[in-house]
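To start, the structure under review is shown below, and the notes come after it.
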Amino acid sequence: MKSKSIKPFFKLLLALLVFQASYAQTLEPKIDSILTSVFKVSNEPGAVFLVAKDGKPIYRKAFGKSNIELDVNMIPTNVFQIGSMTKQFTAVAIMMLEEQGKLNVNDAISNYIPDFPNGDNITIHHLLTHTSGIKDFTKMKTIMTIAKKDQTPKELVDFFKDEPVDFIPGEKFDYNNSGYVVLGYIIEIVTNDTYENFVEQNIFEKLGMNNSRYASDREIVKHRAYGYHNRGAFTNKMQVSLSIPYASGSLMSTVDDMLKWQEAININSLITEMSKKKVYTDYTLNNGEHINYGYGWHLKDIDGTPIREHGGSIFGFKSMGVYVPSLDIYVVGFSNCDCNSPTKITRDIAALIMNNFNK
């Protein structure tokens, strides 16, 4: 009886493996064509892309150079700064702490930062959804006065908290890095630990994301991809203190680790299904208008099929991840020149996979 039940299982497994192999071979030249149309030159900064179906990679390639000065080829395991994709991790960290009873997304931020102006009317939810009205410090003209200086989270919050608000909380959606800085500071307050330690120990280590970390330009990072600008000619990326992007954009990762992250979200390894629904709710403004943003993810669609996505842009790097829940398709791309955005390419690849799967 036992052996009879095992045989169909192995037949099914073999059929699935054969399907995935043929599926990948059919799509590979098409994905190559999309990517080589942008990453044409092998001796320039490049990119790494990964495509997964049902949690398994079906495409994983590197293009260009990870270091053009030393003539080092890009490899799929290169580590990139991921910029604002960091916000996904900050949002999930907040939900983890809510489940632990250490905070509530409906709490006023004055509960944690008593001297924050208008803090009684701004909630953690407002910060998560970019609807707080707080001034985005990255748009302030004075940002360059602190850009190269290490700041504590409190010093960074103090830098912008007294600026006039842009609108009443909940009135508008306006993508805002300051909100996620405040979220990082709240994480530190309620855990009595650093944001860096909390994310590395409670997310990266737990999920086996062994090549992900809080970014550093000083420490040795194995397989680091170096960042570049192209302003008529390639230059090394501008140096800024990585305490500045903080919880809004200071993490590093690999495409393989990002697949582990996506899978962990799918199977509720870090947060419950109830919390996940909060993360992926299409929230509304005070007037009932939908904003197409949850907690740390944009909620959009490709040809009418719902997707969850987020990109990142930080000096010398750009990133993009797209997930299609209904088909369990994940596409993630990292570029080591902020002259090459992977945003459209990643969506185009996701659309290609979706179209092939739906035939």
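Residues in the structure tokens are named by chain (A, B, ... in the order shown) and by number from 1 within that chain; ligands are numbered from 1 in the order shown.
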
### Query
How would you write, as a VMD selection string, the set of residues in segment 41-154 of chain A that DSSP gives as strand (DSSP E or B)?
chain A and resid 45 47 to 53 56 to 63 65 to 67 72 to 73 79 to 81 108 123

Dump of N, CA and C atoms for the selected residues, as a PDB file, in the first residue's frame:
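again.pdb, written as the output of this step:
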ATOM      1  N   PRO A  45      29.243  48.774 -15.666  1.00  0.00           N
ATOM      2  CA  PRO A  45      28.425  48.263 -14.566  1.00  0.00           C
ATOM      3  C   PRO A  45      27.227  47.495 -15.115  1.00  0.00           C
ATOM      4  N   ALA A  47      24.198  44.135 -13.832  1.00  0.00           N
ATOM      5  CA  ALA A  47      23.023  43.794 -13.038  1.00  0.00           C
ATOM      6  C   ALA A  47      22.979  42.303 -12.775  1.00  0.00           C
ATOM      7  N   VAL A  48      22.147  41.927 -11.831  1.00  0.00           N
ATOM      8  CA  VAL A  48      21.817  40.521 -11.570  1.00  0.00           C
ATOM      9  C   VAL A  48      20.301  40.415 -11.530  1.00  0.00           C
ATOM     10  N   PHE A  49      19.764  39.406 -12.214  1.00  0.00           N
ATOM     11  CA  PHE A  49      18.319  39.168 -12.222  1.00  0.00           C
ATOM     12  C   PHE A  49      18.024  37.718 -11.873  1.00  0.00           C
ATOM     13  N   LEU A  50      16.951  37.546 -11.132  1.00  0.00           N
ATOM     14  CA  LEU A  50      16.462  36.216 -10.787  1.00  0.00           C
ATOM     15  C   LEU A  50      14.966  36.164 -11.043  1.00  0.00           C
ATOM     16  N   VAL A  51      14.527  35.068 -11.640  1.00  0.00           N
ATOM     17  CA  VAL A  51      13.110  34.815 -11.859  1.00  0.00           C
ATOM     18  C   VAL A  51      12.768  33.487 -11.206  1.00  0.00           C
ATOM     19  N   ALA A  52      11.709  33.467 -10.407  1.00  0.00           N
ATOM     20  CA  ALA A  52      11.289  32.239  -9.743  1.00  0.00           C
ATOM     21  C   ALA A  52       9.829  31.956 -10.025  1.00  0.00           C
ATOM     22  N   LYS A  53       9.524  30.685 -10.179  1.00  0.00           N
ATOM     23  CA  LYS A  53       8.138  30.225 -10.330  1.00  0.00           C
ATOM     24  C   LYS A  53       7.888  29.147  -9.285  1.00  0.00           C
ATOM     25  N   LYS A  56      10.853  28.359  -7.012  1.00  0.00           N
ATOM     26  CA  LYS A  56      12.082  27.787  -7.558  1.00  0.00           C
ATOM     27  C   LYS A  56      12.628  28.681  -8.670  1.00  0.00           C
ATOM     28  N   PRO A  57      13.940  28.964  -8.635  1.00  0.00           N
ATOM     29  CA  PRO A  57      14.511  29.804  -9.701  1.00  0.00           C
ATOM     30  C   PRO A  57      14.414  29.118 -11.063  1.00  0.00           C
ATOM     31  N   ILE A  58      13.950  29.855 -12.056  1.00  0.00           N
ATOM     32  CA  ILE A  58      13.950  29.351 -13.431  1.00  0.00           C
ATOM     33  C   ILE A  58      14.876  30.192 -14.305  1.00  0.00           C
ATOM     34  N   TYR A  59      15.394  31.277 -13.745  1.00  0.00           N
ATOM     35  CA  TYR A  59      16.347  32.132 -14.466  1.00  0.00           C
ATOM     36  C   TYR A  59      17.171  32.880 -13.430  1.00  0.00           C
ATOM     37  N   ARG A  60      18.484  32.911 -13.634  1.00  0.00           N
ATOM     38  CA  ARG A  60      19.384  33.572 -12.657  1.00  0.00           C
ATOM     39  C   ARG A  60      20.674  33.901 -13.387  1.00  0.00           C
ATOM     40  N   LYS A  61      20.872  35.182 -13.712  1.00  0.00           N
ATOM     41  CA  LYS A  61      22.049  35.565 -14.485  1.00  0.00           C
ATOM     42  C   LYS A  61      22.603  36.911 -14.048  1.00  0.00           C
ATOM     43  N   ALA A  62      23.901  37.068 -14.327  1.00  0.00           N
ATOM     44  CA  ALA A  62      24.600  38.322 -14.046  1.00  0.00           C
ATOM     45  C   ALA A  62      25.109  38.922 -15.351  1.00  0.00           C
ATOM     46  N   PHE A  63      25.159  40.244 -15.392  1.00  0.00           N
ATOM     47  CA  PHE A  63      25.600  40.967 -16.584  1.00  0.00           C
ATOM     48  C   PHE A  63      26.589  42.056 -16.178  1.00  0.00           C
ATOM     49  N   LYS A  65      29.974  44.296 -15.124  1.00  0.00           N
ATOM     50  CA  LYS A  65      31.043  44.245 -14.134  1.00  0.00           C
ATOM     51  C   LYS A  65      30.533  44.631 -12.742  1.00  0.00           C
ATOM     52  N   SER A  66      31.016  43.912 -11.749  1.00  0.00           N
ATOM     53  CA  SER A  66      30.736  44.306 -10.368  1.00  0.00           C
ATOM     54  C   SER A  66      31.727  45.359  -9.907  1.00  0.00           C
ATOM     55  N   ASN A  67      32.889  45.427 -10.575  1.00  0.00           N
ATOM     56  CA  ASN A  67      33.895  46.455 -10.305  1.00  0.00           C
ATOM     57  C   ASN A  67      34.598  46.763 -11.612  1.00  0.00           C
ATOM     58  N   VAL A  72      36.303  43.236 -12.736  1.00  0.00           N
ATOM     59  CA  VAL A  72      35.723  42.040 -12.112  1.00  0.00           C
ATOM     60  C   VAL A  72      34.317  41.816 -12.651  1.00  0.00           C
ATOM     61  N   ASN A  73      34.079  40.636 -13.189  1.00  0.00           N
ATOM     62  CA  ASN A  73      32.767  40.321 -13.745  1.00  0.00           C
ATOM     63  C   ASN A  73      31.712  40.217 -12.649  1.00  0.00           C
ATOM     64  N   VAL A  79      26.543  41.100  -3.842  1.00  0.00           N
ATOM     65  CA  VAL A  79      25.754  41.764  -2.807  1.00  0.00           C
ATOM     66  C   VAL A  79      25.583  43.232  -3.195  1.00  0.00           C
ATOM     67  N   PHE A  80      24.340  43.700  -3.203  1.00  0.00           N
ATOM     68  CA  PHE A  80      24.002  45.062  -3.621  1.00  0.00           C
ATOM     69  C   PHE A  80      23.345  45.824  -2.471  1.00  0.00           C
ATOM     70  N   GLN A  81      23.505  47.134  -2.489  1.00  0.00           N
ATOM     71  CA  GLN A  81      22.636  47.965  -1.667  1.00  0.00           C
ATOM     72  C   GLN A  81      21.271  47.987  -2.357  1.00  0.00           C
ATOM     73  N   ALA A 108      -0.545  56.451  18.247  1.00  0.00           N
ATOM     74  CA  ALA A 108       0.049  57.745  17.893  1.00  0.00           C
ATOM     75  C   ALA A 108       1.551  57.666  18.144  1.00  0.00           C
ATOM     76  N   THR A 123      -0.124  58.489  13.262  1.00  0.00           N
ATOM     77  CA  THR A 123      -0.043  57.117  13.752  1.00  0.00           C
ATOM     78  C   THR A 123       1.065  56.340  13.029  1.00  0.00           C
TER      79      THR A 123
END

### Message
Residues within 8 Å of Glu263 of chain A, please, as a list in words. Count only C-alpha atoms; anything in the same chain fewer than 4 positions from it doesn't count.
### Response
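My list of contacting residues is Gly55, Leu259 and Ile267 of chain A.
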
#### Entry: Spatial neighbours of segment 124-135 of chain A, max dist 10 Å, only C-alpha atoms, sep filter under 6 positions, as a PyMOL selection string
chain A and resi 87-88+90-91+94+103-110+117-118+160-183+186+279+282-286+291-298

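Counting only C-alpha atoms, segment 188-192 of chain A has the following residues at most 10 Å away, ignoring those fewer than 2 positions along the same chain: A:Leu97, A:Lys102, A:Leu103, A:Tyr112, A:Ile113, A:Pro153, A:Val182, A:Leu183, A:Gly184, A:Tyr185, A:Ile186, A:Thr194, A:Tyr195, A:Glu196, A:Asn197, A:Phe198.
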
### Task
Name the residues in contact with segment 143-146 of chain A at a cut-off of 9 Å, using only C-alpha atoms, excluding same-chain residues fewer than 4 positions from it; report them as a PyMOL selection string.
chain A and resi 137-139+150-151+156+159+240-241+244

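For the pair atom CA of Asp120 of chain A and atom CA of Glu273 of chain A, the separation is 29.5 Å.
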
### Query
So how far away is atom CA of Ser250 of chain A from atom CA of Arg347 of chain A, in Å?
23.7 Å
